[in-house]
file model_7.pdb (PDB, C-alpha atoms and all ligand atoms)
MODEL        1
ATOM      1  CA  MET A 283     148.509  81.817  86.410  1.00  0.00           C
ATOM      2  CA  ALA A 284     148.092  85.555  85.965  1.00  0.00           C
ATOM      3  CA  GLU A 285     145.122  85.722  88.332  1.00  0.00           C
ATOM      4  CA  ARG A 286     147.226  84.204  91.119  1.00  0.00           C
ATOM      5  CA  THR A 287     150.109  86.641  90.749  1.00  0.00           C
ATOM      6  CA  LEU A 288     148.404  89.940  89.851  1.00  0.00           C
ATOM      7  CA  SER A 289     146.081  92.257  91.710  1.00  0.00           C
ATOM      8  CA  PRO A 290     142.435  91.924  90.564  1.00  0.00           C
ATOM      9  CA  SER A 291     142.591  95.235  88.675  1.00  0.00           C
ATOM     10  CA  ALA A 292     145.864  94.366  86.926  1.00  0.00           C
ATOM     11  CA  TYR A 293     144.412  91.000  85.972  1.00  0.00           C
ATOM     12  CA  ALA A 294     141.260  92.678  84.631  1.00  0.00           C
ATOM     13  CA  ASP A 295     143.442  94.989  82.511  1.00  0.00           C
ATOM     14  CA  LEU A 296     145.276  91.987  81.052  1.00  0.00           C
ATOM     15  CA  VAL A 297     142.059  90.172  80.251  1.00  0.00           C
ATOM     16  CA  ASP A 298     140.762  93.373  78.664  1.00  0.00           C
ATOM     17  CA  LEU A 299     143.877  93.627  76.473  1.00  0.00           C
ATOM     18  CA  GLY A 300     143.503  89.980  75.454  1.00  0.00           C
ATOM     19  CA  ARG A 301     139.869  90.531  74.536  1.00  0.00           C
ATOM     20  CA  ARG A 302     140.666  93.634  72.498  1.00  0.00           C
ATOM     21  CA  LEU A 303     143.389  91.739  70.636  1.00  0.00           C
ATOM     22  CA  TYR A 304     140.965  88.907  69.971  1.00  0.00           C
ATOM     23  CA  ALA A 305     138.295  91.267  68.661  1.00  0.00           C
ATOM     24  CA  ARG A 306     140.760  93.040  66.320  1.00  0.00           C
ATOM     25  CA  ALA A 307     142.365  89.812  65.105  1.00  0.00           C
ATOM     26  CA  LEU A 308     139.209  87.789  64.463  1.00  0.00           C
ATOM     27  CA  VAL A 309     138.463  87.087  60.791  1.00  0.00           C
ATOM     28  CA  ARG A 310     135.252  85.232  59.896  1.00  0.00           C
ATOM     29  CA  ARG A 311     134.365  83.354  56.752  1.00  0.00           C
ATOM     30  CA  GLU A 312     131.509  85.790  56.168  1.00  0.00           C
ATOM     31  CA  GLN A 313     134.142  88.515  55.654  1.00  0.00           C
ATOM     32  CA  GLU A 314     136.473  86.702  53.256  1.00  0.00           C
ATOM     33  CA  PRO A 315     137.252  83.160  52.108  1.00  0.00           C
ATOM     34  CA  ILE A 316     139.643  81.501  54.579  1.00  0.00           C
ATOM     35  CA  THR A 317     141.158  78.031  54.507  1.00  0.00           C
ATOM     36  CA  ASP A 318     143.280  75.719  56.628  1.00  0.00           C
ATOM     37  CA  PRO A 319     146.736  74.551  55.454  1.00  0.00           C
ATOM     38  CA  ARG A 320     145.063  71.703  53.566  1.00  0.00           C
ATOM     39  CA  GLY A 321     142.945  74.175  51.604  1.00  0.00           C
ATOM     40  CA  GLN A 322     139.696  73.332  53.401  1.00  0.00           C
ATOM     41  CA  PRO A 323     137.309  76.204  54.207  1.00  0.00           C
ATOM     42  CA  ILE A 324     137.275  77.232  57.869  1.00  0.00           C
ATOM     43  CA  GLY A 325     134.882  79.333  59.927  1.00  0.00           C
ATOM     44  CA  TRP A 326     137.293  81.752  61.553  1.00  0.00           C
ATOM     45  CA  LEU A 327     140.910  82.508  62.311  1.00  0.00           C
ATOM     46  CA  LEU A 328     142.918  85.003  64.321  1.00  0.00           C
ATOM     47  CA  ASP A 329     145.199  87.293  62.342  1.00  0.00           C
ATOM     48  CA  THR A 330     147.181  88.986  65.094  1.00  0.00           C
ATOM     49  CA  ARG A 331     149.263  90.927  62.570  1.00  0.00           C
ATOM     50  CA  ILE A 332     146.303  93.317  62.298  1.00  0.00           C
ATOM     51  CA  PRO A 333     146.345  94.574  65.899  1.00  0.00           C
ATOM     52  CA  MET A 334     150.092  94.032  66.419  1.00  0.00           C
ATOM     53  CA  LEU A 335     151.091  96.230  63.493  1.00  0.00           C
ATOM     54  CA  GLU A 336     149.137  99.197  64.829  1.00  0.00           C
ATOM     55  CA  GLY A 337     151.363 101.513  66.858  1.00  0.00           C
ATOM     56  CA  ASP A 338     149.298 101.796  70.036  1.00  0.00           C
ATOM     57  CA  THR A 339     148.651  98.045  70.369  1.00  0.00           C
ATOM     58  CA  PHE A 340     152.273  97.265  69.474  1.00  0.00           C
ATOM     59  CA  ARG A 341     153.449  99.458  72.360  1.00  0.00           C
ATOM     60  CA  GLU A 342     150.843  98.206  74.858  1.00  0.00           C
ATOM     61  CA  VAL A 343     151.514  94.527  74.121  1.00  0.00           C
ATOM     62  CA  GLY A 344     155.255  95.170  74.206  1.00  0.00           C
ATOM     63  CA  ARG A 345     155.068  96.636  77.708  1.00  0.00           C
ATOM     64  CA  VAL A 346     152.935  93.770  79.043  1.00  0.00           C
ATOM     65  CA  LEU A 347     155.010  90.971  77.514  1.00  0.00           C
ATOM     66  CA  ALA A 348     158.347  92.588  78.439  1.00  0.00           C
ATOM     67  CA  GLU A 349     157.169  92.724  82.045  1.00  0.00           C
ATOM     68  CA  ARG A 350     156.305  89.013  81.934  1.00  0.00           C
ATOM     69  CA  VAL A 351     159.680  88.114  80.464  1.00  0.00           C
ATOM     70  CA  ARG A 352     161.493  90.153  83.119  1.00  0.00           C
ATOM     71  CA  ALA A 353     159.341  88.629  85.879  1.00  0.00           C
ATOM     72  CA  ARG A 354     160.774  85.246  84.874  1.00  0.00           C
ATOM     73  CA  GLY A 355     164.291  86.605  85.309  1.00  0.00           C
ATOM     74  CA  VAL A 356     164.984  86.232  81.588  1.00  0.00           C
ATOM     75  CA  ARG A 357     166.312  88.849  79.196  1.00  0.00           C
ATOM     76  CA  GLN A 358     166.323  87.134  75.834  1.00  0.00           C
ATOM     77  CA  VAL A 359     163.362  86.490  73.504  1.00  0.00           C
ATOM     78  CA  ALA A 360     163.195  84.777  70.138  1.00  0.00           C
ATOM     79  CA  GLY A 361     160.471  84.466  67.502  1.00  0.00           C
ATOM     80  CA  PHE A 362     159.764  82.060  64.654  1.00  0.00           C
ATOM     81  CA  GLY A 363     157.331  83.089  61.907  1.00  0.00           C
ATOM     82  CA  PHE A 364     155.194  86.023  60.949  1.00  0.00           C
ATOM     83  CA  GLY A 365     153.043  85.841  64.060  1.00  0.00           C
ATOM     84  CA  ALA A 366     156.118  86.262  66.223  1.00  0.00           C
ATOM     85  CA  TYR A 367     158.273  88.930  64.609  1.00  0.00           C
ATOM     86  CA  ALA A 368     156.217  91.932  65.715  1.00  0.00           C
ATOM     87  CA  LEU A 369     156.024  90.470  69.231  1.00  0.00           C
ATOM     88  CA  VAL A 370     159.806  90.245  69.517  1.00  0.00           C
ATOM     89  CA  CYS A 371     160.168  93.843  68.322  1.00  0.00           C
ATOM     90  CA  ALA A 372     157.370  95.080  70.595  1.00  0.00           C
ATOM     91  CA  ILE A 373     158.998  93.463  73.645  1.00  0.00           C
ATOM     92  CA  LEU A 374     162.365  95.044  72.811  1.00  0.00           C
ATOM     93  CA  SER A 375     160.736  98.447  72.368  1.00  0.00           C
ATOM     94  CA  ALA A 376     159.464  98.521  75.970  1.00  0.00           C
ATOM     95  CA  PRO A 377     161.647 100.816  78.095  1.00  0.00           C
ATOM     96  CA  PRO A 378     163.459  98.863  80.850  1.00  0.00           C
ATOM     97  CA  PRO A 379     162.670  99.699  84.475  1.00  0.00           C
ATOM     98  CA  PRO A 380     165.294 101.967  86.106  1.00  0.00           C
ATOM     99  CA  GLY A 381     168.576 100.092  86.502  1.00  0.00           C
ATOM    100  CA  ALA A 382     167.362  96.988  84.635  1.00  0.00           C
ATOM    101  CA  PRO A 383     169.273  95.703  81.605  1.00  0.00           C
ATOM    102  CA  GLU A 384     167.923  95.953  78.073  1.00  0.00           C
ATOM    103  CA  LEU A 385     166.374  92.801  76.596  1.00  0.00           C
ATOM    104  CA  ARG A 386     167.833  91.071  73.537  1.00  0.00           C
ATOM    105  CA  GLY A 387     165.916  89.509  70.650  1.00  0.00           C
ATOM    106  CA  GLY A 388     166.350  86.972  67.900  1.00  0.00           C
ATOM    107  CA  PHE A 389     164.612  85.728  64.751  1.00  0.00           C
ATOM    108  CA  ILE A 390     164.783  82.005  64.021  1.00  0.00           C
ATOM    109  CA  ARG A 391     165.138  80.895  60.404  1.00  0.00           C
ATOM    110  CA  GLU A 392     163.537  77.764  58.949  1.00  0.00           C
ATOM    111  CA  GLN A 393     166.990  76.751  57.783  1.00  0.00           C
ATOM    112  CA  ARG A 394     170.482  78.041  58.309  1.00  0.00           C
ATOM    113  CA  LYS A 395     171.176  80.788  55.797  1.00  0.00           C
ATOM    114  CA  PRO A 396     173.424  79.166  53.180  1.00  0.00           C
ATOM    115  CA  TYR A 397     175.559  82.268  52.615  1.00  0.00           C
ATOM    116  CA  GLY A 398     176.672  85.412  54.431  1.00  0.00           C
ATOM    117  CA  ARG A 399     177.019  84.622  58.165  1.00  0.00           C
ATOM    118  CA  HIS A 400     175.381  81.180  57.806  1.00  0.00           C
ATOM    119  CA  ARG A 401     173.190  81.814  60.838  1.00  0.00           C
ATOM    120  CA  LEU A 402     170.106  79.922  61.961  1.00  0.00           C
ATOM    121  CA  VAL A 403     169.215  82.523  64.583  1.00  0.00           C
ATOM    122  CA  GLU A 404     169.603  86.172  63.629  1.00  0.00           C
ATOM    123  CA  GLY A 405     170.293  88.818  66.231  1.00  0.00           C
ATOM    124  CA  PRO A 406     172.433  89.330  69.337  1.00  0.00           C
ATOM    125  CA  LEU A 407     171.201  86.396  71.492  1.00  0.00           C
ATOM    126  CA  SER A 408     173.786  84.872  73.813  1.00  0.00           C
ATOM    127  CA  ARG A 409     174.127  81.106  74.289  1.00  0.00           C
ATOM    128  CA  GLU A 410     175.208  81.801  77.876  1.00  0.00           C
ATOM    129  CA  GLU A 411     171.716  82.860  78.945  1.00  0.00           C
ATOM    130  CA  PRO A 412     168.230  81.296  78.625  1.00  0.00           C
ATOM    131  CA  VAL A 413     165.818  82.318  75.866  1.00  0.00           C
ATOM    132  CA  VAL A 414     162.030  82.648  75.907  1.00  0.00           C
ATOM    133  CA  LEU A 415     160.242  81.708  72.702  1.00  0.00           C
ATOM    134  CA  VAL A 416     157.422  84.133  71.884  1.00  0.00           C
ATOM    135  CA  ASP A 417     154.569  83.547  69.455  1.00  0.00           C
ATOM    136  CA  ASP A 418     151.088  84.884  68.856  1.00  0.00           C
ATOM    137  CA  ILE A 419     149.105  81.634  69.038  1.00  0.00           C
ATOM    138  CA  LEU A 420     149.642  78.310  70.762  1.00  0.00           C
ATOM    139  CA  ASN A 421     147.397  75.702  69.185  1.00  0.00           C
ATOM    140  CA  SER A 422     148.840  72.241  68.515  1.00  0.00           C
ATOM    141  CA  GLY A 423     152.248  73.441  69.676  1.00  0.00           C
ATOM    142  CA  ARG A 424     153.880  72.167  66.488  1.00  0.00           C
ATOM    143  CA  SER A 425     155.261  75.549  65.489  1.00  0.00           C
ATOM    144  CA  ALA A 426     156.584  76.309  68.979  1.00  0.00           C
ATOM    145  CA  ALA A 427     158.089  72.828  69.379  1.00  0.00           C
ATOM    146  CA  ARG A 428     159.841  73.214  66.028  1.00  0.00           C
ATOM    147  CA  ALA A 429     161.191  76.627  67.019  1.00  0.00           C
ATOM    148  CA  VAL A 430     162.443  75.285  70.347  1.00  0.00           C
ATOM    149  CA  ALA A 431     164.146  72.385  68.549  1.00  0.00           C
ATOM    150  CA  LEU A 432     165.814  74.801  66.119  1.00  0.00           C
ATOM    151  CA  LEU A 433     167.078  76.986  68.962  1.00  0.00           C
ATOM    152  CA  ARG A 434     168.376  74.007  70.908  1.00  0.00           C
ATOM    153  CA  SER A 435     170.043  72.546  67.826  1.00  0.00           C
ATOM    154  CA  ASP A 436     171.958  75.808  67.549  1.00  0.00           C
ATOM    155  CA  GLY A 437     173.193  75.676  71.140  1.00  0.00           C
ATOM    156  CA  PHE A 438     170.635  77.892  72.878  1.00  0.00           C
ATOM    157  CA  GLU A 439     168.961  77.096  76.180  1.00  0.00           C
ATOM    158  CA  VAL A 440     165.182  77.587  75.962  1.00  0.00           C
ATOM    159  CA  CYS A 441     163.318  77.946  79.256  1.00  0.00           C
ATOM    160  CA  GLY A 442     159.753  78.838  78.310  1.00  0.00           C
ATOM    161  CA  VAL A 443     157.150  79.874  75.772  1.00  0.00           C
ATOM    162  CA  LEU A 444     155.118  83.079  75.944  1.00  0.00           C
ATOM    163  CA  THR A 445     152.123  83.605  73.641  1.00  0.00           C
ATOM    164  CA  LEU A 446     149.236  86.002  73.209  1.00  0.00           C
ATOM    165  CA  PHE A 447     146.636  83.241  72.896  1.00  0.00           C
ATOM    166  CA  ASN A 448     146.437  79.642  74.050  1.00  0.00           C
ATOM    167  CA  PHE A 449     143.771  77.508  72.387  1.00  0.00           C
ATOM    168  CA  THR A 450     142.849  75.461  75.438  1.00  0.00           C
ATOM    169  CA  TRP A 451     141.009  72.782  73.460  1.00  0.00           C
ATOM    170  CA  SER A 452     144.283  71.840  71.779  1.00  0.00           C
ATOM    171  CA  SER A 453     147.327  70.088  73.203  1.00  0.00           C
ATOM    172  CA  GLY A 454     150.017  72.712  72.646  1.00  0.00           C
ATOM    173  CA  ARG A 455     150.540  73.596  76.264  1.00  0.00           C
ATOM    174  CA  SER A 456     150.966  70.034  77.535  1.00  0.00           C
ATOM    175  CA  ARG A 457     153.183  69.210  74.576  1.00  0.00           C
ATOM    176  CA  LEU A 458     155.599  71.999  75.506  1.00  0.00           C
ATOM    177  CA  GLU A 459     155.423  71.370  79.249  1.00  0.00           C
ATOM    178  CA  ALA A 460     156.409  67.764  78.528  1.00  0.00           C
ATOM    179  CA  GLU A 461     159.613  69.201  77.093  1.00  0.00           C
ATOM    180  CA  GLY A 462     160.388  70.909  80.389  1.00  0.00           C
ATOM    181  CA  LEU A 463     159.240  74.376  79.289  1.00  0.00           C
ATOM    182  CA  TRP A 464     157.011  76.759  81.202  1.00  0.00           C
ATOM    183  CA  VAL A 465     154.115  78.127  79.159  1.00  0.00           C
ATOM    184  CA  ASP A 466     152.466  81.494  79.716  1.00  0.00           C
ATOM    185  CA  SER A 467     149.729  83.116  77.627  1.00  0.00           C
ATOM    186  CA  LEU A 468     148.030  86.472  77.797  1.00  0.00           C
ATOM    187  CA  LEU A 469     144.616  84.946  77.114  1.00  0.00           C
ATOM    188  CA  ASP A 470     143.447  81.328  77.372  1.00  0.00           C
ATOM    189  CA  LEU A 471     140.778  80.943  74.725  1.00  0.00           C
ATOM    190  CA  ASN A 472     138.154  78.447  75.753  1.00  0.00           C
ATOM    191  CA  LEU A 473     135.462  78.787  73.119  1.00  0.00           C
ATOM    192  CA  ARG A 474     132.533  76.470  73.498  1.00  0.00           C
ATOM    193  CA  ASP A 475     132.614  75.619  69.802  1.00  0.00           C
ATOM    194  CA  GLY A 476     136.401  75.710  69.616  1.00  0.00           C
ATOM    195  CA  PRO A 477     137.142  72.224  68.336  1.00  0.00           C
ATOM    196  CA  ARG A 478     134.568  72.543  65.573  1.00  0.00           C
ATOM    197  CA  SER A 479     135.890  75.903  64.445  1.00  0.00           C
ATOM    198  CA  ALA A 480     139.278  76.374  62.932  1.00  0.00           C
ATOM    199  CA  SER A 481     142.260  78.653  63.018  1.00  0.00           C
ATOM    200  CA  ASP A 482     145.002  79.544  60.612  1.00  0.00           C
ATOM    201  CA  SER A 483     147.201  77.004  62.298  1.00  0.00           C
ATOM    202  CA  LEU A 484     145.340  73.733  62.103  1.00  0.00           C
TER     203      LEU A 484
HETATM  204  O1  LIG B   1     150.511  75.650  67.709  1.00  0.00           O
HETATM  205  P1  LIG B   1     150.366  75.538  66.223  1.00  0.00           P
HETATM  206  O2  LIG B   1     149.321  74.557  65.814  1.00  0.00           O
HETATM  207  O3  LIG B   1     151.684  75.284  65.538  1.00  0.00           O
HETATM  208  O4  LIG B   1     149.796  76.908  65.700  1.00  0.00           O
HETATM  209  C1  LIG B   1     150.350  78.159  66.044  1.00  0.00           C
HETATM  210  C2  LIG B   1     151.117  78.767  64.898  1.00  0.00           C
HETATM  211  O5  LIG B   1     150.254  78.926  63.758  1.00  0.00           O
HETATM  212  C3  LIG B   1     150.300  80.265  63.279  1.00  0.00           C
HETATM  213  O6  LIG B   1     151.256  80.415  62.282  1.00  0.00           O
HETATM  214  P2  LIG B   1     151.014  79.884  60.803  1.00  0.00           P
HETATM  215  O7  LIG B   1     151.490  78.470  60.730  1.00  0.00           O
HETATM  216  O8  LIG B   1     149.619  80.130  60.396  1.00  0.00           O
HETATM  217  O9  LIG B   1     152.028  80.736  59.933  1.00  0.00           O
HETATM  218  P3  LIG B   1     152.354  82.306  59.846  1.00  0.00           P
HETATM  219  O10 LIG B   1     153.029  82.671  61.125  1.00  0.00           O
HETATM  220  O11 LIG B   1     153.259  82.394  58.676  1.00  0.00           O
HETATM  221  O12 LIG B   1     151.078  83.048  59.626  1.00  0.00           O
HETATM  222  C4  LIG B   1     150.702  81.067  64.490  1.00  0.00           C
HETATM  223  O13 LIG B   1     151.336  82.270  64.131  1.00  0.00           O
HETATM  224  C5  LIG B   1     151.609  80.136  65.273  1.00  0.00           C
HETATM  225  O14 LIG B   1     152.951  80.272  64.903  1.00  0.00           O
ENDMDL
END

call {"tool": "encode", "arguments": {"input": "model_7.pdb", "output": "structure tokens"}}
result
Amino acid sequence: MAERTLSPSAYADLVDLGRRLYARALVRREQEPITDPRGQPIGWLLDTRIPMLEGDTFREVGRVLAERVRARGVRQVAGFGFGAYALVCAILSAPPPPGAPELRGGFIREQRKPYGRHRLVEGPLSREEPVVLVDDILNSGRSAARAVALLRSDGFEVCGVLTLFNFTWSSGRSRLEAEGLWVDSLLDLNLRDGPRSASDSL
């Protein structure tokens, strides 16, 4: 989608950012033992916390994603899980264009907090306006679909999902689009050996 809406140089910059994120986030089994959720060894994964928790990348990604959220006419973002928290904060840290409103953010809990304010979604999000779910990786779409269901169960309207990476060999995108959501990713990963490799989210 980006190549249809951006100038060639702006698109090249975005692809460059996606590639730099990929290079900084990539962890291979030669470097350290890594496993899937079932405990099976895997060849590689992307740990986006590494680039996202460095100040310069945090700010650069925040500016790019905030622009994408605003381009959709939305001003609320929510995140679910450790891959998403820095993204929400980075987006909120981007200065708004002159005259534009500030964005609002939220963190989604696995379960409603059983004490205190008893909230499922922390932060100042309004139920009167749509929310974009942000995450680092879209693979099977299970995590995003769960987050969307949690938001909806708490009375929020979710309009779309914005991620850093989309694993194109997996079905996450179509799964979310079937739920009426738009899906936008900074970088579509289309690795030739993708299905035989693994990520931290299989
Ligand atoms: O589309 P999916 O197949 O659901 O995969 C994507 C999810 O997997 C990763 O999180 P992970 O489950 O590894 O947990 P973490 O955020 O705690 O690291 C990633 O941060 C996404 O949230």

call {"tool": "closest_atom_pairs", "arguments": {"input": "model_7.pdb", "of": "chain A", "to": "ligand LIG 1 (chain B)", "cutoff": "7 Å", "atoms": "only C-alpha atoms and all ligand atoms", "output": "CSV"}}
result
residue,atom,partner,partner_atom,distance
A:Gly363,CA,B:LIG1,O10,4.4
A:Phe364,CA,B:LIG1,O10,4.0
A:Gly365,CA,B:LIG1,O13,4.0
A:Ala366,CA,B:LIG1,O13,6.6
A:Asp417,CA,B:LIG1,O14,5.8
A:Asp418,CA,B:LIG1,O13,5.4
A:Ile419,CA,B:LIG1,C1,4.8
A:Leu420,CA,B:LIG1,O1,4.1
A:Asn421,CA,B:LIG1,O1,3.4
A:Ser422,CA,B:LIG1,O2,3.6
A:Gly423,CA,B:LIG1,O1,3.4
A:Arg424,CA,B:LIG1,O3,3.9
A:Ser425,CA,B:LIG1,O3,3.6
A:Ala426,CA,B:LIG1,O3,6.1
A:Gly454,CA,B:LIG1,O1,5.8
A:Asp482,CA,B:LIG1,O8,4.7
A:Ser483,CA,B:LIG1,O5,3.9
A:Leu484,CA,B:LIG1,O2,5.5

call {"tool": "write_last_selection", "arguments": {"input": "model_7.pdb", "atoms": "C-alpha atoms", "output": "PDB file, keeping the file's coordinate frame"}}
result
ATOM      1  CA  GLY A 363     157.331  83.089  61.907  1.00  0.00           C
ATOM      2  CA  PHE A 364     155.194  86.023  60.949  1.00  0.00           C
ATOM      3  CA  GLY A 365     153.043  85.841  64.060  1.00  0.00           C
ATOM      4  CA  ALA A 366     156.118  86.262  66.223  1.00  0.00           C
ATOM      5  CA  ASP A 417     154.569  83.547  69.455  1.00  0.00           C
ATOM      6  CA  ASP A 418     151.088  84.884  68.856  1.00  0.00           C
ATOM      7  CA  ILE A 419     149.105  81.634  69.038  1.00  0.00           C
ATOM      8  CA  LEU A 420     149.642  78.310  70.762  1.00  0.00           C
ATOM      9  CA  ASN A 421     147.397  75.702  69.185  1.00  0.00           C
ATOM     10  CA  SER A 422     148.840  72.241  68.515  1.00  0.00           C
ATOM     11  CA  GLY A 423     152.248  73.441  69.676  1.00  0.00           C
ATOM     12  CA  ARG A 424     153.880  72.167  66.488  1.00  0.00           C
ATOM     13  CA  SER A 425     155.261  75.549  65.489  1.00  0.00           C
ATOM     14  CA  ALA A 426     156.584  76.309  68.979  1.00  0.00           C
ATOM     15  CA  GLY A 454     150.017  72.712  72.646  1.00  0.00           C
ATOM     16  CA  ASP A 482     145.002  79.544  60.612  1.00  0.00           C
ATOM     17  CA  SER A 483     147.201  77.004  62.298  1.00  0.00           C
ATOM     18  CA  LEU A 484     145.340  73.733  62.103  1.00  0.00           C
TER      19      LEU A 484
END

call {"tool": "closest_residue", "arguments": {"input": "model_7.pdb", "among": "A:Leu335, A:Leu385, A:Leu415, A:Ala372", "to": "Ala360 of chain A", "atoms": "all atoms listed in the file"}}
result
A:Leu415

call {"tool": "resolve_selection", "arguments": {"input": "model_7.pdb", "expression": "the PyMOL selection byres (((chain A and resi 343-357) around 9) and not hetatm)", "output": "PyMOL selection string"}}
result
chain A and resi 296+299+334+338-342+358-359+369-378+383-387+411-414+441+444-446+466+468

call {"tool": "closest_residue", "arguments": {"input": "model_7.pdb", "among": "A:Leu327, A:His400, A:Pro379, A:Glu410", "to": "Phe438 of chain A", "atoms": "only C-alpha atoms"}}
result
A:Glu410

call {"tool": "residues_around", "arguments": {"input": "model_7.pdb", "residues": "Gly462 of chain A", "least_positions_apart": "3", "cutoff": "12 Å", "atoms": "all atoms listed in the file", "output": "PDB file with C-alpha atoms, in the coordinates of the input"}}
result
ATOM      1  CA  ALA A 427     158.089  72.828  69.379  1.00  0.00           C
ATOM      2  CA  VAL A 430     162.443  75.285  70.347  1.00  0.00           C
ATOM      3  CA  GLU A 439     168.961  77.096  76.180  1.00  0.00           C
ATOM      4  CA  VAL A 440     165.182  77.587  75.962  1.00  0.00           C
ATOM      5  CA  CYS A 441     163.318  77.946  79.256  1.00  0.00           C
ATOM      6  CA  GLY A 442     159.753  78.838  78.310  1.00  0.00           C
ATOM      7  CA  VAL A 443     157.150  79.874  75.772  1.00  0.00           C
ATOM      8  CA  ARG A 455     150.540  73.596  76.264  1.00  0.00           C
ATOM      9  CA  SER A 456     150.966  70.034  77.535  1.00  0.00           C
ATOM     10  CA  ARG A 457     153.183  69.210  74.576  1.00  0.00           C
ATOM     11  CA  LEU A 458     155.599  71.999  75.506  1.00  0.00           C
ATOM     12  CA  GLU A 459     155.423  71.370  79.249  1.00  0.00           C
ATOM     13  CA  VAL A 465     154.115  78.127  79.159  1.00  0.00           C
TER      14      VAL A 465
END

call {"tool": "atom_distance", "arguments": {"input": "model_7.pdb", "atom1": "atom CA of Gln393 of chain A", "atom2": "atom CA of Ala307 of chain A"}}
result
28.8 Å

call {"tool": "closest_residue", "arguments": {"input": "model_7.pdb", "among": "A:Leu469, A:Ala294, A:Leu308, A:Ala460", "to": "Ile332 of chain A", "atoms": "only C-alpha atoms"}}
result
A:Leu308

call {"tool": "build_atoms", "arguments": {"input": "model_7.pdb", "residues": "segment 391-402 of chain A", "atoms": "N, CA, C and O atoms", "output": "PDB file, in the frame of the given file"}}
result
ATOM      1  N   ARG A 391     165.390  81.248  61.801  1.00  0.00           N
ATOM      2  CA  ARG A 391     165.138  80.895  60.404  1.00  0.00           C
ATOM      3  C   ARG A 391     164.648  79.449  60.310  1.00  0.00           C
ATOM      4  O   ARG A 391     164.966  78.631  61.170  1.00  0.00           O
ATOM      5  N   GLU A 392     163.930  79.163  59.239  1.00  0.00           N
ATOM      6  CA  GLU A 392     163.537  77.764  58.949  1.00  0.00           C
ATOM      7  C   GLU A 392     164.768  76.893  58.754  1.00  0.00           C
ATOM      8  O   GLU A 392     164.814  75.741  59.185  1.00  0.00           O
ATOM      9  N   GLN A 393     165.744  77.469  58.064  1.00  0.00           N
ATOM     10  CA  GLN A 393     166.990  76.751  57.783  1.00  0.00           C
ATOM     11  C   GLN A 393     168.149  77.726  57.902  1.00  0.00           C
ATOM     12  O   GLN A 393     167.966  78.929  57.663  1.00  0.00           O
ATOM     13  N   ARG A 394     169.296  77.198  58.229  1.00  0.00           N
ATOM     14  CA  ARG A 394     170.482  78.041  58.309  1.00  0.00           C
ATOM     15  C   ARG A 394     170.693  78.754  56.969  1.00  0.00           C
ATOM     16  O   ARG A 394     170.582  78.142  55.907  1.00  0.00           O
ATOM     17  N   LYS A 395     170.946  80.034  57.027  1.00  0.00           N
ATOM     18  CA  LYS A 395     171.176  80.788  55.797  1.00  0.00           C
ATOM     19  C   LYS A 395     172.422  80.231  55.096  1.00  0.00           C
ATOM     20  O   LYS A 395     173.474  80.097  55.735  1.00  0.00           O
ATOM     21  N   PRO A 396     172.310  79.875  53.830  1.00  0.00           N
ATOM     22  CA  PRO A 396     173.424  79.166  53.180  1.00  0.00           C
ATOM     23  C   PRO A 396     174.544  80.082  52.692  1.00  0.00           C
ATOM     24  O   PRO A 396     175.460  79.616  52.019  1.00  0.00           O
ATOM     25  N   TYR A 397     174.475  81.357  53.011  1.00  0.00           N
ATOM     26  CA  TYR A 397     175.559  82.268  52.615  1.00  0.00           C
ATOM     27  C   TYR A 397     175.651  83.369  53.669  1.00  0.00           C
ATOM     28  O   TYR A 397     174.961  83.321  54.677  1.00  0.00           O
ATOM     29  N   GLY A 398     176.505  84.331  53.458  1.00  0.00           N
ATOM     30  CA  GLY A 398     176.672  85.412  54.431  1.00  0.00           C
ATOM     31  C   GLY A 398     177.227  84.879  55.741  1.00  0.00           C
ATOM     32  O   GLY A 398     178.226  84.163  55.761  1.00  0.00           O
ATOM     33  N   ARG A 399     176.525  85.064  56.848  1.00  0.00           N
ATOM     34  CA  ARG A 399     177.019  84.622  58.165  1.00  0.00           C
ATOM     35  C   ARG A 399     176.574  83.198  58.505  1.00  0.00           C
ATOM     36  O   ARG A 399     176.892  82.699  59.574  1.00  0.00           O
ATOM     37  N   HIS A 400     175.792  82.592  57.623  1.00  0.00           N
ATOM     38  CA  HIS A 400     175.381  81.180  57.806  1.00  0.00           C
ATOM     39  C   HIS A 400     174.676  80.976  59.145  1.00  0.00           C
ATOM     40  O   HIS A 400     174.893  79.965  59.818  1.00  0.00           O
ATOM     41  N   ARG A 401     173.827  81.912  59.515  1.00  0.00           N
ATOM     42  CA  ARG A 401     173.190  81.814  60.838  1.00  0.00           C
ATOM     43  C   ARG A 401     171.804  81.189  60.748  1.00  0.00           C
ATOM     44  O   ARG A 401     171.071  81.384  59.785  1.00  0.00           O
ATOM     45  N   LEU A 402     171.460  80.461  61.816  1.00  0.00           N
ATOM     46  CA  LEU A 402     170.106  79.922  61.961  1.00  0.00           C
ATOM     47  C   LEU A 402     169.260  80.897  62.773  1.00  0.00           C
ATOM     48  O   LEU A 402     168.061  81.032  62.567  1.00  0.00           O
TER      49      LEU A 402
END
